[in-house]
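input32.txt (compact mmCIF, N, CA and C atoms) appears below.
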# COMPACT_ATOMS: atom_id res chain seq x y z
N MET A 1 19.20 -22.81 7.70
CA MET A 1 18.87 -21.50 8.23
C MET A 1 19.53 -21.35 9.59
N ASP A 2 20.67 -20.70 9.58
CA ASP A 2 21.45 -20.56 10.80
C ASP A 2 21.16 -19.26 11.55
N ARG A 3 20.81 -18.21 10.83
CA ARG A 3 20.59 -16.92 11.48
C ARG A 3 19.11 -16.62 11.56
N PRO A 4 18.70 -15.82 12.55
CA PRO A 4 17.29 -15.41 12.61
C PRO A 4 16.84 -14.70 11.34
N THR A 5 17.74 -13.95 10.70
CA THR A 5 17.35 -13.26 9.47
C THR A 5 17.08 -14.22 8.32
N ASP A 6 17.64 -15.43 8.37
CA ASP A 6 17.29 -16.45 7.38
C ASP A 6 15.80 -16.80 7.50
N ALA A 7 15.34 -17.00 8.72
CA ALA A 7 13.93 -17.33 8.95
C ALA A 7 13.04 -16.14 8.60
N ILE A 8 13.48 -14.93 8.91
CA ILE A 8 12.70 -13.74 8.57
C ILE A 8 12.57 -13.61 7.06
N GLU A 9 13.66 -13.81 6.33
CA GLU A 9 13.61 -13.74 4.86
C GLU A 9 12.61 -14.75 4.32
N TYR A 10 12.65 -15.96 4.84
CA TYR A 10 11.78 -17.01 4.35
C TYR A 10 10.31 -16.66 4.62
N GLU A 11 10.02 -16.22 5.83
CA GLU A 11 8.64 -15.86 6.17
C GLU A 11 8.17 -14.65 5.40
N GLN A 12 9.06 -13.68 5.16
CA GLN A 12 8.69 -12.51 4.36
C GLN A 12 8.38 -12.92 2.93
N MET A 13 9.16 -13.86 2.39
CA MET A 13 8.89 -14.38 1.05
C MET A 13 7.51 -15.02 1.01
N LEU A 14 7.20 -15.82 2.01
CA LEU A 14 5.89 -16.47 2.05
C LEU A 14 4.77 -15.43 2.19
N LEU A 15 4.99 -14.43 3.03
CA LEU A 15 3.99 -13.39 3.22
C LEU A 15 3.70 -12.66 1.92
N SER A 16 4.73 -12.42 1.11
CA SER A 16 4.56 -11.65 -0.12
C SER A 16 3.67 -12.36 -1.13
N ARG A 17 3.45 -13.65 -0.98
CA ARG A 17 2.61 -14.37 -1.94
C ARG A 17 1.13 -14.28 -1.60
N HIS A 18 0.79 -13.79 -0.42
CA HIS A 18 -0.60 -13.72 0.03
C HIS A 18 -1.21 -12.36 -0.26
N THR A 19 -2.40 -12.38 -0.78
CA THR A 19 -3.22 -11.19 -0.92
C THR A 19 -4.62 -11.59 -0.48
N LEU A 20 -5.11 -10.95 0.55
CA LEU A 20 -6.39 -11.34 1.11
C LEU A 20 -7.55 -10.65 0.41
N ASN A 21 -8.66 -11.38 0.32
CA ASN A 21 -9.88 -10.76 -0.19
C ASN A 21 -10.90 -10.68 0.94
N ARG A 22 -12.09 -10.31 0.60
CA ARG A 22 -13.12 -10.12 1.62
C ARG A 22 -13.58 -11.43 2.28
N ARG A 23 -13.22 -12.55 1.69
CA ARG A 23 -13.65 -13.83 2.25
C ARG A 23 -12.51 -14.56 2.95
N GLY A 24 -11.38 -13.89 3.07
CA GLY A 24 -10.27 -14.48 3.80
C GLY A 24 -9.31 -15.30 2.95
N GLY A 25 -9.58 -15.41 1.66
CA GLY A 25 -8.68 -16.16 0.78
C GLY A 25 -7.87 -15.21 -0.08
N ARG A 26 -7.40 -15.70 -1.20
CA ARG A 26 -6.65 -14.83 -2.11
C ARG A 26 -7.59 -13.83 -2.76
N ARG A 27 -7.12 -12.62 -2.91
CA ARG A 27 -7.91 -11.55 -3.50
C ARG A 27 -8.08 -11.79 -4.99
N ARG A 28 -9.31 -11.80 -5.43
CA ARG A 28 -9.62 -11.93 -6.85
C ARG A 28 -10.78 -11.02 -7.18
N GLY A 29 -10.69 -10.37 -8.30
CA GLY A 29 -11.82 -9.61 -8.79
C GLY A 29 -12.07 -8.30 -8.08
N GLY A 30 -11.17 -7.83 -7.24
CA GLY A 30 -11.35 -6.54 -6.61
C GLY A 30 -11.19 -5.43 -7.64
N GLU A 31 -11.67 -4.26 -7.31
CA GLU A 31 -11.57 -3.16 -8.25
C GLU A 31 -10.14 -2.67 -8.41
N LEU A 32 -9.34 -2.78 -7.36
CA LEU A 32 -7.98 -2.26 -7.39
C LEU A 32 -6.95 -3.37 -7.45
N ASP A 33 -5.99 -3.24 -8.38
CA ASP A 33 -4.85 -4.15 -8.33
C ASP A 33 -3.85 -3.59 -7.32
N HIS A 34 -2.80 -4.34 -7.06
CA HIS A 34 -1.85 -3.97 -6.01
C HIS A 34 -1.21 -2.60 -6.27
N SER A 35 -0.79 -2.34 -7.52
CA SER A 35 -0.14 -1.06 -7.80
C SER A 35 -1.12 0.10 -7.64
N ALA A 36 -2.37 -0.08 -8.03
CA ALA A 36 -3.38 0.98 -7.85
C ALA A 36 -3.65 1.21 -6.37
N TYR A 37 -3.70 0.15 -5.60
CA TYR A 37 -3.92 0.26 -4.16
C TYR A 37 -2.81 1.08 -3.51
N LEU A 38 -1.56 0.81 -3.89
CA LEU A 38 -0.43 1.56 -3.34
C LEU A 38 -0.46 3.01 -3.82
N LEU A 39 -0.72 3.22 -5.09
CA LEU A 39 -0.77 4.57 -5.65
C LEU A 39 -1.82 5.42 -4.94
N LEU A 40 -3.03 4.90 -4.85
CA LEU A 40 -4.11 5.65 -4.21
C LEU A 40 -3.84 5.88 -2.73
N SER A 41 -3.27 4.86 -2.08
CA SER A 41 -2.95 5.01 -0.65
C SER A 41 -1.94 6.13 -0.44
N ARG A 42 -0.92 6.21 -1.30
CA ARG A 42 0.10 7.24 -1.15
C ARG A 42 -0.48 8.62 -1.40
N ILE A 43 -1.29 8.76 -2.43
CA ILE A 43 -1.90 10.06 -2.72
C ILE A 43 -2.84 10.46 -1.59
N ARG A 44 -3.55 9.50 -1.03
CA ARG A 44 -4.45 9.83 0.08
C ARG A 44 -3.68 10.40 1.27
N VAL A 45 -2.59 9.77 1.65
CA VAL A 45 -1.88 10.19 2.85
C VAL A 45 -1.02 11.43 2.62
N GLN A 46 -0.54 11.63 1.40
CA GLN A 46 0.36 12.75 1.13
C GLN A 46 -0.33 13.92 0.47
N GLY A 47 -1.45 13.69 -0.19
CA GLY A 47 -2.10 14.75 -0.94
C GLY A 47 -1.69 14.69 -2.40
N PRO A 48 -2.15 15.65 -3.21
CA PRO A 48 -1.85 15.63 -4.64
C PRO A 48 -0.35 15.53 -4.91
N MET A 49 -0.01 14.70 -5.91
CA MET A 49 1.39 14.44 -6.24
C MET A 49 1.57 14.44 -7.75
N SER A 50 2.73 14.91 -8.19
CA SER A 50 3.09 14.90 -9.60
C SER A 50 3.72 13.55 -9.96
N ILE A 51 3.90 13.31 -11.25
CA ILE A 51 4.59 12.10 -11.71
C ILE A 51 5.98 12.02 -11.08
N GLY A 52 6.70 13.14 -11.08
CA GLY A 52 8.04 13.15 -10.50
C GLY A 52 8.04 12.81 -9.02
N GLU A 53 7.09 13.37 -8.30
CA GLU A 53 7.00 13.07 -6.86
C GLU A 53 6.65 11.61 -6.62
N LEU A 54 5.75 11.08 -7.44
CA LEU A 54 5.39 9.67 -7.31
C LEU A 54 6.57 8.77 -7.65
N ALA A 55 7.30 9.12 -8.71
CA ALA A 55 8.47 8.33 -9.09
C ALA A 55 9.49 8.31 -7.96
N ASP A 56 9.74 9.46 -7.34
CA ASP A 56 10.67 9.52 -6.20
C ASP A 56 10.14 8.71 -5.02
N ALA A 57 8.86 8.83 -4.74
CA ALA A 57 8.27 8.15 -3.59
C ALA A 57 8.34 6.63 -3.71
N PHE A 58 8.13 6.12 -4.93
CA PHE A 58 8.10 4.67 -5.14
C PHE A 58 9.41 4.09 -5.65
N GLY A 59 10.33 4.98 -6.04
CA GLY A 59 11.59 4.49 -6.60
C GLY A 59 11.39 3.82 -7.95
N LEU A 60 10.45 4.35 -8.73
CA LEU A 60 10.14 3.81 -10.05
C LEU A 60 10.41 4.88 -11.10
N ASP A 61 10.57 4.45 -12.35
CA ASP A 61 10.79 5.43 -13.40
C ASP A 61 9.46 6.08 -13.79
N ALA A 62 9.57 7.26 -14.38
CA ALA A 62 8.38 8.04 -14.72
C ALA A 62 7.47 7.29 -15.70
N SER A 63 8.03 6.48 -16.60
CA SER A 63 7.18 5.77 -17.56
C SER A 63 6.27 4.76 -16.85
N THR A 64 6.78 4.12 -15.82
CA THR A 64 5.96 3.18 -15.04
C THR A 64 4.82 3.94 -14.36
N LEU A 65 5.16 5.09 -13.74
CA LEU A 65 4.12 5.88 -13.08
C LEU A 65 3.15 6.48 -14.08
N ASN A 66 3.61 6.81 -15.30
CA ASN A 66 2.68 7.29 -16.32
C ASN A 66 1.65 6.22 -16.65
N ARG A 67 2.08 4.98 -16.78
CA ARG A 67 1.13 3.88 -17.06
C ARG A 67 0.16 3.70 -15.89
N GLN A 68 0.68 3.71 -14.68
CA GLN A 68 -0.18 3.48 -13.51
C GLN A 68 -1.18 4.62 -13.33
N THR A 69 -0.72 5.86 -13.48
CA THR A 69 -1.65 6.98 -13.32
C THR A 69 -2.65 7.05 -14.48
N ALA A 70 -2.23 6.66 -15.67
CA ALA A 70 -3.17 6.63 -16.81
C ALA A 70 -4.29 5.63 -16.53
N ALA A 71 -3.94 4.48 -16.00
CA ALA A 71 -4.97 3.48 -15.65
C ALA A 71 -5.88 4.01 -14.56
N ALA A 72 -5.31 4.69 -13.57
CA ALA A 72 -6.13 5.25 -12.49
C ALA A 72 -7.03 6.37 -13.00
N LEU A 73 -6.55 7.16 -13.95
CA LEU A 73 -7.38 8.19 -14.58
C LEU A 73 -8.55 7.56 -15.33
N ARG A 74 -8.26 6.52 -16.15
CA ARG A 74 -9.31 5.84 -16.92
C ARG A 74 -10.37 5.25 -16.01
N ALA A 75 -9.94 4.74 -14.85
CA ALA A 75 -10.87 4.13 -13.90
C ALA A 75 -11.64 5.18 -13.10
N GLY A 76 -11.24 6.43 -13.22
CA GLY A 76 -11.90 7.49 -12.46
C GLY A 76 -11.45 7.57 -11.01
N HIS A 77 -10.31 6.98 -10.69
CA HIS A 77 -9.83 6.96 -9.30
C HIS A 77 -9.01 8.20 -8.94
N VAL A 78 -8.41 8.85 -9.95
CA VAL A 78 -7.67 10.09 -9.74
C VAL A 78 -8.07 11.07 -10.82
N GLU A 79 -7.76 12.33 -10.57
CA GLU A 79 -7.94 13.38 -11.56
C GLU A 79 -6.69 14.24 -11.57
N ARG A 80 -6.43 14.88 -12.71
CA ARG A 80 -5.29 15.79 -12.83
C ARG A 80 -5.75 17.18 -12.45
N ILE A 81 -4.93 17.83 -11.64
CA ILE A 81 -5.26 19.19 -11.21
C ILE A 81 -4.01 20.06 -11.34
N PRO A 82 -4.19 21.37 -11.44
CA PRO A 82 -3.02 22.26 -11.37
C PRO A 82 -2.38 22.11 -9.99
N ASP A 83 -1.08 22.34 -9.93
CA ASP A 83 -0.37 22.27 -8.66
C ASP A 83 -0.98 23.29 -7.69
N PRO A 84 -1.50 22.83 -6.54
CA PRO A 84 -2.09 23.76 -5.56
C PRO A 84 -1.09 24.80 -5.05
N ASP A 85 0.21 24.47 -5.14
CA ASP A 85 1.25 25.39 -4.66
C ASP A 85 1.77 26.30 -5.78
N GLY A 86 1.16 26.23 -6.96
CA GLY A 86 1.54 27.11 -8.06
C GLY A 86 2.67 26.61 -8.94
N GLY A 87 3.12 25.38 -8.72
CA GLY A 87 4.19 24.82 -9.56
C GLY A 87 3.71 24.54 -10.97
N MET A 88 4.65 24.20 -11.84
CA MET A 88 4.32 23.95 -13.24
C MET A 88 3.68 22.59 -13.47
N ALA A 89 4.15 21.58 -12.76
CA ALA A 89 3.67 20.22 -12.99
C ALA A 89 2.23 20.06 -12.50
N ARG A 90 1.45 19.35 -13.30
CA ARG A 90 0.10 19.01 -12.85
C ARG A 90 0.22 17.86 -11.86
N LYS A 91 -0.75 17.76 -10.99
CA LYS A 91 -0.70 16.74 -9.95
C LYS A 91 -1.94 15.85 -10.04
N PHE A 92 -1.81 14.70 -9.39
CA PHE A 92 -2.92 13.75 -9.34
C PHE A 92 -3.55 13.82 -7.96
N ARG A 93 -4.87 13.89 -7.96
CA ARG A 93 -5.63 13.94 -6.72
C ARG A 93 -6.65 12.80 -6.73
N LEU A 94 -6.86 12.23 -5.58
CA LEU A 94 -7.85 11.16 -5.41
C LEU A 94 -9.25 11.72 -5.68
N THR A 95 -10.05 10.98 -6.44
CA THR A 95 -11.45 11.36 -6.65
C THR A 95 -12.30 10.68 -5.59
N ASP A 96 -13.56 11.06 -5.53
CA ASP A 96 -14.49 10.39 -4.61
C ASP A 96 -14.59 8.90 -4.95
N ARG A 97 -14.61 8.60 -6.24
CA ARG A 97 -14.67 7.19 -6.66
C ARG A 97 -13.41 6.45 -6.21
N GLY A 98 -12.24 7.08 -6.36
CA GLY A 98 -10.99 6.47 -5.92
C GLY A 98 -10.95 6.27 -4.42
N ALA A 99 -11.42 7.26 -3.67
CA ALA A 99 -11.46 7.15 -2.21
C ALA A 99 -12.39 6.01 -1.79
N HIS A 100 -13.53 5.90 -2.47
CA HIS A 100 -14.48 4.83 -2.15
C HIS A 100 -13.88 3.46 -2.47
N ALA A 101 -13.24 3.33 -3.63
CA ALA A 101 -12.62 2.05 -4.00
C ALA A 101 -11.52 1.68 -3.01
N LEU A 102 -10.73 2.65 -2.60
CA LEU A 102 -9.66 2.41 -1.63
C LEU A 102 -10.24 1.99 -0.29
N ASP A 103 -11.29 2.68 0.16
CA ASP A 103 -11.94 2.33 1.43
C ASP A 103 -12.51 0.92 1.39
N GLU A 104 -13.15 0.58 0.28
CA GLU A 104 -13.74 -0.76 0.13
C GLU A 104 -12.66 -1.84 0.16
N GLU A 105 -11.58 -1.60 -0.55
CA GLU A 105 -10.49 -2.58 -0.61
C GLU A 105 -9.86 -2.75 0.77
N ARG A 106 -9.59 -1.63 1.42
CA ARG A 106 -8.96 -1.68 2.75
C ARG A 106 -9.89 -2.38 3.75
N GLU A 107 -11.17 -2.06 3.74
CA GLU A 107 -12.11 -2.70 4.67
C GLU A 107 -12.20 -4.20 4.41
N GLY A 108 -12.20 -4.58 3.16
CA GLY A 108 -12.21 -6.01 2.84
C GLY A 108 -10.98 -6.72 3.37
N THR A 109 -9.85 -6.09 3.25
CA THR A 109 -8.61 -6.68 3.75
C THR A 109 -8.63 -6.76 5.27
N VAL A 110 -9.11 -5.70 5.93
CA VAL A 110 -9.19 -5.71 7.39
C VAL A 110 -10.14 -6.82 7.86
N ARG A 111 -11.26 -6.98 7.19
CA ARG A 111 -12.19 -8.08 7.56
C ARG A 111 -11.51 -9.43 7.39
N SER A 112 -10.74 -9.58 6.33
CA SER A 112 -10.02 -10.84 6.13
C SER A 112 -8.99 -11.06 7.22
N LEU A 113 -8.27 -10.02 7.57
CA LEU A 113 -7.30 -10.14 8.66
C LEU A 113 -7.99 -10.47 9.98
N ASP A 114 -9.14 -9.86 10.22
CA ASP A 114 -9.91 -10.20 11.43
C ASP A 114 -10.24 -11.68 11.45
N HIS A 115 -10.59 -12.22 10.30
CA HIS A 115 -10.92 -13.64 10.20
C HIS A 115 -9.68 -14.52 10.40
N VAL A 116 -8.61 -14.18 9.70
CA VAL A 116 -7.38 -14.97 9.78
C VAL A 116 -6.81 -14.96 11.20
N MET A 117 -6.89 -13.81 11.86
CA MET A 117 -6.26 -13.64 13.17
C MET A 117 -7.27 -13.68 14.32
N ALA A 118 -8.41 -14.31 14.09
CA ALA A 118 -9.49 -14.34 15.09
C ALA A 118 -9.05 -14.93 16.42
N ASP A 119 -8.11 -15.85 16.41
CA ASP A 119 -7.67 -16.50 17.64
C ASP A 119 -6.51 -15.78 18.32
N TRP A 120 -6.05 -14.68 17.76
CA TRP A 120 -4.94 -13.93 18.35
C TRP A 120 -5.48 -13.03 19.47
N SER A 121 -4.72 -12.89 20.52
CA SER A 121 -5.10 -11.98 21.61
C SER A 121 -4.87 -10.53 21.15
N ASP A 122 -5.52 -9.60 21.82
CA ASP A 122 -5.30 -8.19 21.52
C ASP A 122 -3.83 -7.81 21.73
N GLU A 123 -3.20 -8.40 22.73
CA GLU A 123 -1.79 -8.12 22.99
C GLU A 123 -0.91 -8.61 21.84
N ASP A 124 -1.21 -9.81 21.32
CA ASP A 124 -0.45 -10.33 20.18
C ASP A 124 -0.65 -9.47 18.94
N LEU A 125 -1.89 -9.05 18.68
CA LEU A 125 -2.17 -8.20 17.53
C LEU A 125 -1.43 -6.87 17.64
N THR A 126 -1.46 -6.27 18.81
CA THR A 126 -0.78 -4.99 19.02
C THR A 126 0.73 -5.13 18.85
N ALA A 127 1.29 -6.20 19.39
CA ALA A 127 2.73 -6.43 19.27
C ALA A 127 3.12 -6.68 17.81
N PHE A 128 2.33 -7.49 17.11
CA PHE A 128 2.61 -7.79 15.71
C PHE A 128 2.56 -6.51 14.87
N ALA A 129 1.53 -5.68 15.10
CA ALA A 129 1.42 -4.41 14.36
C ALA A 129 2.63 -3.52 14.64
N ALA A 130 3.08 -3.47 15.88
CA ALA A 130 4.24 -2.65 16.23
C ALA A 130 5.50 -3.16 15.54
N TYR A 131 5.69 -4.48 15.52
CA TYR A 131 6.86 -5.04 14.84
C TYR A 131 6.81 -4.80 13.34
N LEU A 132 5.63 -4.94 12.73
CA LEU A 132 5.51 -4.66 11.29
C LEU A 132 5.82 -3.20 10.98
N ARG A 133 5.30 -2.32 11.81
CA ARG A 133 5.56 -0.88 11.61
C ARG A 133 7.05 -0.60 11.72
N ARG A 134 7.69 -1.16 12.75
CA ARG A 134 9.12 -0.96 12.93
C ARG A 134 9.91 -1.52 11.75
N PHE A 135 9.54 -2.72 11.31
CA PHE A 135 10.19 -3.38 10.18
C PHE A 135 10.08 -2.51 8.92
N ASN A 136 8.86 -2.05 8.62
CA ASN A 136 8.65 -1.21 7.45
C ASN A 136 9.40 0.11 7.57
N ALA A 137 9.37 0.73 8.73
CA ALA A 137 10.07 2.00 8.93
C ALA A 137 11.58 1.83 8.73
N ASP A 138 12.13 0.72 9.20
CA ASP A 138 13.55 0.47 9.02
C ASP A 138 13.90 0.23 7.56
N ILE A 139 13.05 -0.49 6.83
CA ILE A 139 13.26 -0.69 5.40
C ILE A 139 13.19 0.66 4.67
N GLU A 140 12.21 1.47 5.03
CA GLU A 140 12.06 2.79 4.41
C GLU A 140 13.28 3.66 4.68
N ARG A 141 13.77 3.65 5.90
CA ARG A 141 14.95 4.44 6.25
C ARG A 141 16.17 3.93 5.47
N PHE A 142 16.32 2.62 5.40
CA PHE A 142 17.43 2.01 4.67
C PHE A 142 17.39 2.39 3.19
N GLY A 143 16.19 2.38 2.61
CA GLY A 143 16.03 2.71 1.19
C GLY A 143 15.90 4.19 0.91
N GLY A 144 15.77 5.00 1.97
CA GLY A 144 15.64 6.44 1.78
C GLY A 144 14.29 6.88 1.25
N ARG A 145 13.28 6.05 1.42
CA ARG A 145 11.93 6.39 0.93
C ARG A 145 10.89 6.19 2.03
N PRO A 146 10.83 7.11 2.98
CA PRO A 146 9.83 6.95 4.05
C PRO A 146 8.41 7.08 3.51
N TRP A 147 7.51 6.35 4.11
CA TRP A 147 6.10 6.39 3.74
C TRP A 147 5.38 7.19 4.81
N PRO A 148 4.75 8.30 4.44
CA PRO A 148 4.02 9.06 5.46
C PRO A 148 2.86 8.24 6.01
N ARG A 149 2.71 8.24 7.29
CA ARG A 149 1.68 7.41 7.92
C ARG A 149 0.45 8.18 8.35
N GLY A 150 0.47 9.48 8.26
CA GLY A 150 -0.73 10.26 8.56
C GLY A 150 -1.08 10.30 10.03
N ASP A 151 -0.12 10.01 10.90
CA ASP A 151 -0.42 10.10 12.33
C ASP A 151 0.57 10.95 13.06
In structure tokens, what does this structure look like?
Amino acid sequence: MDRPTDAIEYEQMLLSRHTLNRRGGRRRGGELDHSAYLLLSRIRVQGPMSIGELADAFGLDASTLNRQTAAALRAGHVERIPDPDGGMARKFRLTDRGAHALDEEREGTVRSLDHVMADWSDEDLTAFAAYLRRFNADIERFGGRPWPRGD
């Protein structure tokens, strides 16, 4: 590993294998799988979205999004609604059950992060969050798929 980006790649690979649960270990048995968590998070921040909009947002084909939204519909996490702007395509909107499941999952992850990073100073946490945000924003810009942050 000669370049700093070699070390970043390696650490990013290691980070991608971790999924935290409410007890600080690997996530198991949560209501939402990773794809559902991302789907619901995107709909929450952007509002109702069609299959085409979701496919563009995630860079996935419509058949993949059809499977993911069908699972979310069966779970009661989203509902299909007419386009609020009068378009032809129906859109998916977060249900109260979906919002609750997303809130529960996110809170569990935040509690786990609080546990994992308990010895970090507030300054270190703030700096790390800023670097992660910058890293993600640069990846999004590079890939042409920005993620709305709601702020």
Exercise. Would you return as a ChimeraX atom specification the members of segment 19-136 of chain A that DSSP assigns to strand (DSSP E or B) on this structure's backbone?
Key: /A:20,26,49,78-81,91-94
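Relative to atom N of Thr109 of chain A, atom C of Arg93 of chain A is found at 21.6 Å.
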Quiz item: For Met49 of chain A, which residue among A:Arg67, A:Arg90, A:His18, A:Arg80 is the nearest when counting only N, CA and C atoms?
Solution: A:Arg90
Exercise. May I have all residues of segment 47-127 of chain A that DSSP, computed from the backbone, assigns to alpha helix (DSSP H), given as a ChimeraX atom specification?
Key: /A:51-58,62-74,96-116,122-127
Mind dumping the selected residues with N, CA and C atoms as a short mmCIF file (atom, residue, chain, number, x, y, z; two decimals), in the frame of the given file?
data_model
loop_
_atom_site.label_atom_id
_atom_site.label_comp_id
_atom_site.auth_asym_id
_atom_site.auth_seq_id
_atom_site.Cartn_x
_atom_site.Cartn_y
_atom_site.Cartn_z
N ILE A 51 3.90 13.31 -11.25
CA ILE A 51 4.59 12.10 -11.71
C ILE A 51 5.98 12.02 -11.08
N GLY A 52 6.70 13.14 -11.08
CA GLY A 52 8.04 13.15 -10.50
C GLY A 52 8.04 12.81 -9.02
N GLU A 53 7.09 13.37 -8.30
CA GLU A 53 7.00 13.07 -6.86
C GLU A 53 6.65 11.61 -6.62
N LEU A 54 5.75 11.08 -7.44
CA LEU A 54 5.39 9.67 -7.31
C LEU A 54 6.57 8.77 -7.65
N ALA A 55 7.30 9.12 -8.71
CA ALA A 55 8.47 8.33 -9.09
C ALA A 55 9.49 8.31 -7.96
N ASP A 56 9.74 9.46 -7.34
CA ASP A 56 10.67 9.52 -6.20
C ASP A 56 10.14 8.71 -5.02
N ALA A 57 8.86 8.83 -4.74
CA ALA A 57 8.27 8.15 -3.59
C ALA A 57 8.34 6.63 -3.71
N PHE A 58 8.13 6.12 -4.93
CA PHE A 58 8.10 4.67 -5.14
C PHE A 58 9.41 4.09 -5.65
N ALA A 62 9.57 7.26 -14.38
CA ALA A 62 8.38 8.04 -14.72
C ALA A 62 7.47 7.29 -15.70
N SER A 63 8.03 6.48 -16.60
CA SER A 63 7.18 5.77 -17.56
C SER A 63 6.27 4.76 -16.85
N THR A 64 6.78 4.12 -15.82
CA THR A 64 5.96 3.18 -15.04
C THR A 64 4.82 3.94 -14.36
N LEU A 65 5.16 5.09 -13.74
CA LEU A 65 4.12 5.88 -13.08
C LEU A 65 3.15 6.48 -14.08
N ASN A 66 3.61 6.81 -15.30
CA ASN A 66 2.68 7.29 -16.32
C ASN A 66 1.65 6.22 -16.65
N ARG A 67 2.08 4.98 -16.78
CA ARG A 67 1.13 3.88 -17.06
C ARG A 67 0.16 3.70 -15.89
N GLN A 68 0.68 3.71 -14.68
CA GLN A 68 -0.18 3.48 -13.51
C GLN A 68 -1.18 4.62 -13.33
N THR A 69 -0.72 5.86 -13.48
CA THR A 69 -1.65 6.98 -13.32
C THR A 69 -2.65 7.05 -14.48
N ALA A 70 -2.23 6.66 -15.67
CA ALA A 70 -3.17 6.63 -16.81
C ALA A 70 -4.29 5.63 -16.53
N ALA A 71 -3.94 4.48 -16.00
CA ALA A 71 -4.97 3.48 -15.65
C ALA A 71 -5.88 4.01 -14.56
N ALA A 72 -5.31 4.69 -13.57
CA ALA A 72 -6.13 5.25 -12.49
C ALA A 72 -7.03 6.37 -13.00
N LEU A 73 -6.55 7.16 -13.95
CA LEU A 73 -7.38 8.19 -14.58
C LEU A 73 -8.55 7.56 -15.33
N ARG A 74 -8.26 6.52 -16.15
CA ARG A 74 -9.31 5.84 -16.92
C ARG A 74 -10.37 5.25 -16.01
N ASP A 96 -13.56 11.06 -5.53
CA ASP A 96 -14.49 10.39 -4.61
C ASP A 96 -14.59 8.90 -4.95
N ARG A 97 -14.61 8.60 -6.24
CA ARG A 97 -14.67 7.19 -6.66
C ARG A 97 -13.41 6.45 -6.21
N GLY A 98 -12.24 7.08 -6.36
CA GLY A 98 -10.99 6.47 -5.92
C GLY A 98 -10.95 6.27 -4.42
N ALA A 99 -11.42 7.26 -3.67
CA ALA A 99 -11.46 7.15 -2.21
C ALA A 99 -12.39 6.01 -1.79
N HIS A 100 -13.53 5.90 -2.47
CA HIS A 100 -14.48 4.83 -2.15
C HIS A 100 -13.88 3.46 -2.47
N ALA A 101 -13.24 3.33 -3.63
CA ALA A 101 -12.62 2.05 -4.00
C ALA A 101 -11.52 1.68 -3.01
N LEU A 102 -10.73 2.65 -2.60
CA LEU A 102 -9.66 2.41 -1.63
C LEU A 102 -10.24 1.99 -0.29
N ASP A 103 -11.29 2.68 0.16
CA ASP A 103 -11.94 2.33 1.43
C ASP A 103 -12.51 0.92 1.39
N GLU A 104 -13.15 0.58 0.28
CA GLU A 104 -13.74 -0.76 0.13
C GLU A 104 -12.66 -1.84 0.16
N GLU A 105 -11.58 -1.60 -0.55
CA GLU A 105 -10.49 -2.58 -0.61
C GLU A 105 -9.86 -2.75 0.77
N ARG A 106 -9.59 -1.63 1.42
CA ARG A 106 -8.96 -1.68 2.75
C ARG A 106 -9.89 -2.38 3.75
N GLU A 107 -11.17 -2.06 3.74
CA GLU A 107 -12.11 -2.70 4.67
C GLU A 107 -12.20 -4.20 4.41
N GLY A 108 -12.20 -4.58 3.16
CA GLY A 108 -12.21 -6.01 2.84
C GLY A 108 -10.98 -6.72 3.37
N THR A 109 -9.85 -6.09 3.25
CA THR A 109 -8.61 -6.68 3.75
C THR A 109 -8.63 -6.76 5.27
N VAL A 110 -9.11 -5.70 5.93
CA VAL A 110 -9.19 -5.71 7.39
C VAL A 110 -10.14 -6.82 7.86
N ARG A 111 -11.26 -6.98 7.19
CA ARG A 111 -12.19 -8.08 7.56
C ARG A 111 -11.51 -9.43 7.39
N SER A 112 -10.74 -9.58 6.33
CA SER A 112 -10.02 -10.84 6.13
C SER A 112 -8.99 -11.06 7.22
N LEU A 113 -8.27 -10.02 7.57
CA LEU A 113 -7.30 -10.14 8.66
C LEU A 113 -7.99 -10.47 9.98
N ASP A 114 -9.14 -9.86 10.22
CA ASP A 114 -9.91 -10.20 11.43
C ASP A 114 -10.24 -11.68 11.45
N HIS A 115 -10.59 -12.22 10.30
CA HIS A 115 -10.92 -13.64 10.20
C HIS A 115 -9.68 -14.52 10.40
N VAL A 116 -8.61 -14.18 9.70
CA VAL A 116 -7.38 -14.97 9.78
C VAL A 116 -6.81 -14.96 11.20
N ASP A 122 -5.52 -9.60 21.82
CA ASP A 122 -5.30 -8.19 21.52
C ASP A 122 -3.83 -7.81 21.73
N GLU A 123 -3.20 -8.40 22.73
CA GLU A 123 -1.79 -8.12 22.99
C GLU A 123 -0.91 -8.61 21.84
N ASP A 124 -1.21 -9.81 21.32
CA ASP A 124 -0.45 -10.33 20.18
C ASP A 124 -0.65 -9.47 18.94
N LEU A 125 -1.89 -9.05 18.68
CA LEU A 125 -2.17 -8.20 17.53
C LEU A 125 -1.43 -6.87 17.64
N THR A 126 -1.46 -6.27 18.81
CA THR A 126 -0.78 -4.99 19.02
C THR A 126 0.73 -5.13 18.85
N ALA A 127 1.29 -6.20 19.39
CA ALA A 127 2.73 -6.43 19.27
C ALA A 127 3.12 -6.68 17.81
#
Quiz item: Rounded to one decimal in Å, what is the spacing between atom CA of Ala130 of chain A and atom C of Val45 of chain A?
Solution: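 Separation between atom CA of Ala130 of chain A and atom C of Val45 of chain A: 20.3 Å.
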Quiz item: Distance atom CA of Pro146 of chain A-atom C of Met13 of chain A, one decimal place?
Solution: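 So the answer is 22.3 Å.
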For segment 99-134 of chain A versus segment 33-40 of chain A, which residues have an atom no more than 12 Å away, and what is each residue's nearest atom pair and distance in Å rounded to one decimal, using only C-alpha atoms, chain-then-number order, as JSON lines?
{"residue": "A:Ala99", "atom": "CA", "partner": "A:Leu40", "partner_atom": "CA", "distance": 7.8}
{"residue": "A:His100", "atom": "CA", "partner": "A:Leu40", "partner_atom": "CA", "distance": 10.6}
{"residue": "A:Ala101", "atom": "CA", "partner": "A:Tyr37", "partner_atom": "CA", "distance": 8.9}
{"residue": "A:Leu102", "atom": "CA", "partner": "A:Tyr37", "partner_atom": "CA", "distance": 6.6}
{"residue": "A:Asp103", "atom": "CA", "partner": "A:Tyr37", "partner_atom": "CA", "distance": 10.0}
{"residue": "A:Glu104", "atom": "CA", "partner": "A:Tyr37", "partner_atom": "CA", "distance": 10.8}
{"residue": "A:Glu105", "atom": "CA", "partner": "A:Tyr37", "partner_atom": "CA", "distance": 8.0}
{"residue": "A:Arg106", "atom": "CA", "partner": "A:Tyr37", "partner_atom": "CA", "distance": 8.8}
{"residue": "A:Thr109", "atom": "CA", "partner": "A:Tyr37", "partner_atom": "CA", "distance": 11.5}
